[in-house]
Structures are given as C-alpha cells and as structure tokens.
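Below is one structure, written out as structure tokens; the observations come after it.
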Amino acid sequence: MTHIFRGVGAGHGHGSPAAAGSAGGRYVRPLWISLGVLLAFLVLEVVVGVATSSLALLSDAGHMFTDVLGVGMSLAAISAARGAGPTDRRTFGLYRGEVLAALANAALLCGVAGWVVVEAVRRFAAPPDVPGLPLMLTAAAGLAANVVVLLLLRDGARESLNVRGARLEVLADLLGSVGVLLAGAVTLLTGWAYADPIVAIAIGLFVVPRAVGLGRQAVRILVQAAPAHVDLPRVRSELGALAGVRDVHDVHVWTLTSGMEVGTAHLSIHAGADPGAVLSAARHLLADGHGLTHFTVQVEPPGADRHCAELAW
C-alpha cells in the first residue's frame, strides 16, 4: 500500500501562477527599479574608471556588476516561477536555472578578482597618475546608488529569501565604495600613487571568499547534497520512532533551488498498523519539526519492502 502526501504549503495552484502571490512576487517593481539604478551607476563607474585609469574604481565596478547579477537572478527566479511551471519534460520547472546562473556568477567573480589583483601588483612597479577628485565623486555616486537600493529592498528582504540575498549583495558592495572613496581621498590629499592599487587588491580579496561561498552553495545544490540545515540522521531517527513504523529506508533530501527543499522516504510498518495514521504522523513530523513541507512518503506494509532491498543504489 503506497501513500503520498504533499506537506503544508505545497498545495496546487490553478489559473494565476503561485509565484504571483509569493513574497518575492510582491516586490518585482522595487527589484526592477533597483536593477535600473545599479546598471546606470555601473556604466558610470566603468566609463570614469577607464578614463582615469583607476583600478580601484574598475574593481568596484566589477563588484557592482555582481549586485546587478544578484538582483537580475532574483527577477529571473520570480519570472521562471511565474511563466515556466512544471511540464511533462521539466517536472520541476526551471528553478535550477537560478543555481546555474549563481555558479556562472561565482566563476566570473573569481576571474575578475584574480585579474584585479594581478593588475594591481603590476602597477606597483609604475603606478599611473590617478586623479583623486573624479575617483571620489564617482565612488560617492556609487555609494548613493547602493543606499537607494538598500532602502528599496528593505521591506522585501524581511519577507523573501530571494530579495534578502539580492540586498545582501548590495550591502556588501558598500564596503567597496567606501574603499574607493578612501583611495580617492588619499590620492587627492597626498598624491600617494599606491593608494589606488592597494584598495583594488583589498576589494579583489574581499570578493573572492564571497564568490567561492556562492559557488560552493551552487555546487551543493547541483550534486543534490542534503541541505546543511537539515539534520538527516535526526530525521531518519524520528521517523523510525513513530508508532507503527518498523523500518526507515531510502531517505533522500535535496534542494531544488534556494529555499525549496524536497525529499522522499520509505516507511515499512508493522502488521496491523494503520497506514493513514503513520502517514499523518510523518507529515506533521517533517513539516512542523523540520520545515520539510514538500516530502513524498511511501508507506509499505510487511513484505512490500523486498523490492527496495534489491536496489543497488
């Protein structure tokens, strides 16, 4: 006898996609405005950075580019949830597209940061003359853009994990803008040519751990590793302790995309145990005790689990 359930919050939607009423879906307009603001100041930083030969400003522009990607990925995830639902060929929709974009973002970040550090080291031999005033004015404009975006995404970050991730990207970029301001002030007041490459190296080294962390999270999802916050031995133990359960096997938990954990488990029950009662108890345990609201449970009466024992994987 096989029973399958969908936990609390994993109901079916008809008509308008479910994402239209999600927390992230309610903040599409602030996300689009934020994307426009960041793009405008990204172009400004690149133009001034090239014109003034400021590596610090160009490295900060690279950092702001990650903010653009972060906000863009948030919008892409919401759009995918709205317009590309599950099909017979893509039963989970296109949620993994966000993960692939994050992995590409991480690789690009590492490449940009590596180039910035190498170029900055080369400049120590013959640092170019970087005008401090344009550097400071442009960095101040970028800092203002970050503040505007932080305010736009403040409410959404309280409700949506997706929006919160985009806001954290922008918040981290504030440090880069402050660093460029510092380099500009030192150059303007003292004429010390090494301030620009030193700040560029600091920004590059600051980006690398974030990029590596982002890539590690993306790879964990792509290889279907168990979510770090899920204590799988405890889940298995608590399922096995349910009344009527004889054995627990084939327990799998993985992440579909950020904030969406799914899983499966097979429960062998004793003769005379009520499958419906076991199923209900497992549902409450997984959803209420572990936050696993989209979980497929197979309840197997005595003898029905022989096929599972024959599986090699």
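To be explicit about the labels: the chains of the structure tokens are called A, B, and onward in the order shown, and within each one the residues are counted from 1, while ligands get numbers from 1 in the order they are shown.
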Backbone DSSP call of helix (DSSP H, G or I) for range 140-244 of chain A, listed as number ranges by chain:
A: 140-159, 161-190, 195-222, 232-240
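Shortest atom-to-atom contact with Arg246 in chain A among A:Arg96, A:His266, A:His294, A:Arg234: A:His266, counting only C-alpha atoms.
What separates CA of Ser237 in chain A from CA of Ala277 in chain A is a distance of 18.1 Å.
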Would you list, as a ChimeraX atom specification, the residues of range 122-290 of chain A that end up in strand (DSSP E) under DSSP run on this structure's backbone?
/A:245-257,260-269
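Look at Glu238 in chain A: the protein and nucleic acid residues within 12 Å of it, using only C-alpha atoms and passing over chain neighbours fewer than 5 places away, are Asp231, Leu232, Pro233, Ala243, Val245, Asp247, Val248, Leu267, Ala281, Ala282, Arg283, His284, Leu285, Leu286, Gly289 and His290 of chain A.
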